[in-house]
Amino acid sequence: MPMTEGSANPRTSSRGLPVAVVSACLRDGHGGSPTAVVDGMPATEAERRRIPVLLGTSHAVFVREEDRAEGHEGGLPRVSLRFATAEGDLPACGHGTVAALAVLAERAGTAEYRAVLRTAQATFTGRAVRHPGGLVEAAFETDSVTLRAADPAELGLVLPALGLDAAAVGEACVATLGRPRMLLPLPSREALAGLAPDPDRLRAACDAFGLLGCYVHCEPHADGRTAARLFAPSIGVPEDVANANSTACLAALLATRGIDRVAVDMGDSLGHPATITAGSRTGPLGRLVHVGGTARTDRRLVLGSLDAPPPRSG
């Protein structure tokens, strides 16, 4: 059987890769981005790309807890994370990190969990707190966001692909956390909801400048609440339900304007309401950005064949 329901301890299976399907960055306990958290690492990139397709998720995160001899850095366990979409491996994925932290906290069985997380490009600390009803509040911190102004050539291709002109948007920038993406402000939620990008044209525009995609957001209210949509056809995600790394980039940008906390609503256009929280503080080495959300494990299964058809719903 290619896929079977997992046991209470998914690490004990010898039949294949244990997988948890997690809704990451819930809003008031609902919605969120379905994310596959895989206990193990398939041998090839093609196999990693297959897992989101099999499970019907936009992203998968692959988790490896390091041995005690190599782990427990500064008293904390050390965990390696890798990420993939149907288009290939990614250097980072924020909501995938939130989902992984939720699974790791449940596995640890403690009220609070902390670990040192290692990705292809960075090492940072993550934290998760378990709450009643299976909810886990998870967050991580990074100091690696870089910002620059978007140049006219980039805007000249990206804006038409989004169905926008320069008069309709505010000052755009390109932010990098793992991969660069364009941050583009709109004046209202109504303008944001009305976007209907041309995915092929947007992919060509993003590919031309090496952009992951375009994170279109509203200006935040005084309480830091706002909304955003991420279009990332270049990584096989026409629109993302929740994107924590782009929200971390927005938090880094807003910090330059004296705004130190933001809560971003995403996913409404896809029927999966999600909320990501982010903020910043000054650390010993400069500005630190923290980002997170609430997650819940919806189901567990064992993936026995990467050539199998997707599991039936229900």
# chains A, B, ... in the order shown; residues from 1 in each chain; ligands from 1
$ residues_around --residues "Gly271 in chain A" --least-positions-apart "2" --cutoff "9 Å" --atoms "only C-alpha atoms" --output "list in words"
Gly31, Val241, Gly267, Asp268, Ser269 and Pro273 of chain A
$ closest_atom_pairs --of "range 109-188 of chain A" --to "range 207-230 of chain A" --cutoff "10 Å" --atoms "only C-alpha atoms" --output "JSON lines"
{"residue": "A:Ala153", "atom": "CA", "partner": "A:Phe209", "partner_atom": "CA", "distance": 9.1}
{"residue": "A:Glu154", "atom": "CA", "partner": "A:Phe209", "partner_atom": "CA", "distance": 6.9}
{"residue": "A:Leu157", "atom": "CA", "partner": "A:Ala208", "partner_atom": "CA", "distance": 8.9}
{"residue": "A:Val158", "atom": "CA", "partner": "A:Cys214", "partner_atom": "CA", "distance": 8.1}
{"residue": "A:Leu159", "atom": "CA", "partner": "A:Cys214", "partner_atom": "CA", "distance": 9.7}
{"residue": "A:Leu162", "atom": "CA", "partner": "A:Cys214", "partner_atom": "CA", "distance": 9.0}
{"residue": "A:Val169", "atom": "CA", "partner": "A:Val216", "partner_atom": "CA", "distance": 9.5}
{"residue": "A:Gly170", "atom": "CA", "partner": "A:Glu219", "partner_atom": "CA", "distance": 9.2}
{"residue": "A:Ala172", "atom": "CA", "partner": "A:Val216", "partner_atom": "CA", "distance": 9.4}
{"residue": "A:Val174", "atom": "CA", "partner": "A:Leu211", "partner_atom": "CA", "distance": 8.5}
{"residue": "A:Ala175", "atom": "CA", "partner": "A:Leu211", "partner_atom": "CA", "distance": 9.6}
{"residue": "A:Thr176", "atom": "CA", "partner": "A:Leu211", "partner_atom": "CA", "distance": 9.2}
{"residue": "A:Gly178", "atom": "CA", "partner": "A:Leu212", "partner_atom": "CA", "distance": 9.4}
{"residue": "A:Arg179", "atom": "CA", "partner": "A:Leu212", "partner_atom": "CA", "distance": 6.1}
{"residue": "A:Pro180", "atom": "CA", "partner": "A:Leu211", "partner_atom": "CA", "distance": 5.2}
{"residue": "A:Arg181", "atom": "CA", "partner": "A:Leu211", "partner_atom": "CA", "distance": 5.0}
{"residue": "A:Met182", "atom": "CA", "partner": "A:Cys214", "partner_atom": "CA", "distance": 4.7}
{"residue": "A:Leu183", "atom": "CA", "partner": "A:Tyr215", "partner_atom": "CA", "distance": 4.9}
{"residue": "A:Leu184", "atom": "CA", "partner": "A:Val216", "partner_atom": "CA", "distance": 4.7}
{"residue": "A:Pro185", "atom": "CA", "partner": "A:His217", "partner_atom": "CA", "distance": 4.9}
{"residue": "A:Leu186", "atom": "CA", "partner": "A:Cys218", "partner_atom": "CA", "distance": 5.0}
{"residue": "A:Pro187", "atom": "CA", "partner": "A:Cys218", "partner_atom": "CA", "distance": 5.8}
{"residue": "A:Ser188", "atom": "CA", "partner": "A:Cys218", "partner_atom": "CA", "distance": 5.6}
$ select_by_dssp --residues "range 14-202 of chain A" --states "strand (DSSP E or B)" --output "PyMOL selection string"
chain A and resi 17-24+26-27+30+33-39+59-65+73+76+78-85+88-90+112-118+123-130+135-142+146-149+173-177+179-186
$ atom_distance --atom1 "CA of Ile276 in chain A" --atom2 "CA of Cys173 in chain A"
20.2 Å
$ residues_around --residues "Leu101 in chain A" --least-positions-apart "3" --cutoff "7 Å" --atoms "only C-alpha atoms" --output "PyMOL selection string"
chain A and resi 97-98+104-105+128+138
$ residues_around --residues "Pro197 in chain A" --least-positions-apart "5" --cutoff "10 Å" --atoms "only C-alpha atoms" --output "PyMOL selection string"
chain A and resi 158-164+202+231+238-239
$ select_by_dssp --residues "range 38-123 of chain A" --states "helix (DSSP H, G or I)" --output "number ranges by chain"
A: 45-55, 94-108
$ atom_distance --atom1 "CA of Gly40 in chain A" --atom2 "CA of Arg78 in chain A"
14.8 Å
$ closest_residue --among "A:Ala46, A:Val61, A:Leu177, A:Ala263" --to "Ala99 in chain A" --atoms "only C-alpha atoms"
A:Val61
$ atom_distance --atom1 "CA of Gly194 in chain A" --atom2 "CA of Pro233 in chain A"
18.3 Å
$ residues_around --residues "Arg49 in chain A" --least-positions-apart "4" --cutoff "9 Å" --atoms "only C-alpha atoms" --output "NGL selection string"
:A and (44-45 or 53 or 59-60 or 84-89)
$ decode --residues "range 21-40 of chain A" --atoms "N, CA, C and O atoms" --output "short mmCIF file (atom, residue, chain, number, x, y, z; two decimals), in the first residue's frame"
data_model
loop_
_atom_site.label_atom_id
_atom_site.label_comp_id
_atom_site.auth_asym_id
_atom_site.auth_seq_id
_atom_site.Cartn_x
_atom_site.Cartn_y
_atom_site.Cartn_z
N VAL A 21 0.83 16.09 7.69
CA VAL A 21 0.28 17.19 6.91
C VAL A 21 -0.22 18.24 7.90
O VAL A 21 -1.12 17.98 8.70
N VAL A 22 0.40 19.40 7.87
CA VAL A 22 0.20 20.45 8.87
C VAL A 22 -0.42 21.67 8.21
O VAL A 22 0.02 22.09 7.13
N SER A 23 -1.44 22.22 8.84
CA SER A 23 -1.96 23.53 8.42
C SER A 23 -1.18 24.60 9.17
O SER A 23 -1.26 24.70 10.39
N ALA A 24 -0.37 25.36 8.42
CA ALA A 24 0.53 26.34 9.02
C ALA A 24 -0.03 27.75 8.89
O ALA A 24 -0.63 28.09 7.87
N CYS A 25 0.17 28.55 9.91
CA CYS A 25 -0.24 29.95 9.94
C CYS A 25 -1.77 30.07 9.87
O CYS A 25 -2.33 30.78 9.02
N LEU A 26 -2.44 29.37 10.79
CA LEU A 26 -3.89 29.43 10.91
C LEU A 26 -4.34 30.84 11.28
O LEU A 26 -3.59 31.62 11.86
N ARG A 27 -5.60 31.14 10.95
CA ARG A 27 -6.21 32.38 11.43
C ARG A 27 -7.37 32.01 12.35
O ARG A 27 -8.35 31.42 11.92
N ASP A 28 -7.23 32.37 13.61
CA ASP A 28 -8.25 32.04 14.62
C ASP A 28 -8.59 30.56 14.61
O ASP A 28 -9.75 30.16 14.74
N GLY A 29 -7.57 29.72 14.43
CA GLY A 29 -7.76 28.28 14.47
C GLY A 29 -8.27 27.65 13.20
O GLY A 29 -8.54 26.44 13.17
N HIS A 30 -8.40 28.41 12.13
CA HIS A 30 -8.96 27.89 10.88
C HIS A 30 -8.03 28.21 9.71
O HIS A 30 -7.17 29.07 9.78
N GLY A 31 -8.28 27.50 8.57
CA GLY A 31 -7.55 27.80 7.35
C GLY A 31 -6.11 27.33 7.42
O GLY A 31 -5.81 26.20 7.78
N GLY A 32 -5.19 28.21 7.06
CA GLY A 32 -3.77 27.90 7.06
C GLY A 32 -3.32 27.24 5.76
O GLY A 32 -4.12 26.88 4.91
N SER A 33 -2.02 27.10 5.63
CA SER A 33 -1.41 26.55 4.42
C SER A 33 -1.06 25.08 4.65
O SER A 33 -0.18 24.76 5.47
N PRO A 34 -1.71 24.13 3.95
CA PRO A 34 -1.35 22.71 4.10
C PRO A 34 0.09 22.47 3.67
O PRO A 34 0.48 22.81 2.55
N THR A 35 0.87 21.89 4.56
CA THR A 35 2.30 21.71 4.35
C THR A 35 2.70 20.30 4.75
O THR A 35 2.32 19.84 5.82
N ALA A 36 3.47 19.63 3.91
CA ALA A 36 3.94 18.28 4.22
C ALA A 36 5.24 18.37 5.01
O ALA A 36 6.21 18.98 4.56
N VAL A 37 5.25 17.77 6.20
CA VAL A 37 6.46 17.69 7.02
C VAL A 37 6.92 16.23 6.99
O VAL A 37 6.24 15.35 7.50
N VAL A 38 8.06 16.00 6.37
CA VAL A 38 8.55 14.66 6.09
C VAL A 38 9.70 14.33 7.04
O VAL A 38 10.66 15.09 7.15
N ASP A 39 9.59 13.17 7.71
CA ASP A 39 10.65 12.73 8.62
C ASP A 39 11.65 11.91 7.83
O ASP A 39 11.55 10.70 7.72
N GLY A 40 12.61 12.59 7.23
CA GLY A 40 13.61 11.92 6.41
C GLY A 40 13.89 12.72 5.15
O GLY A 40 13.28 13.75 4.90
#
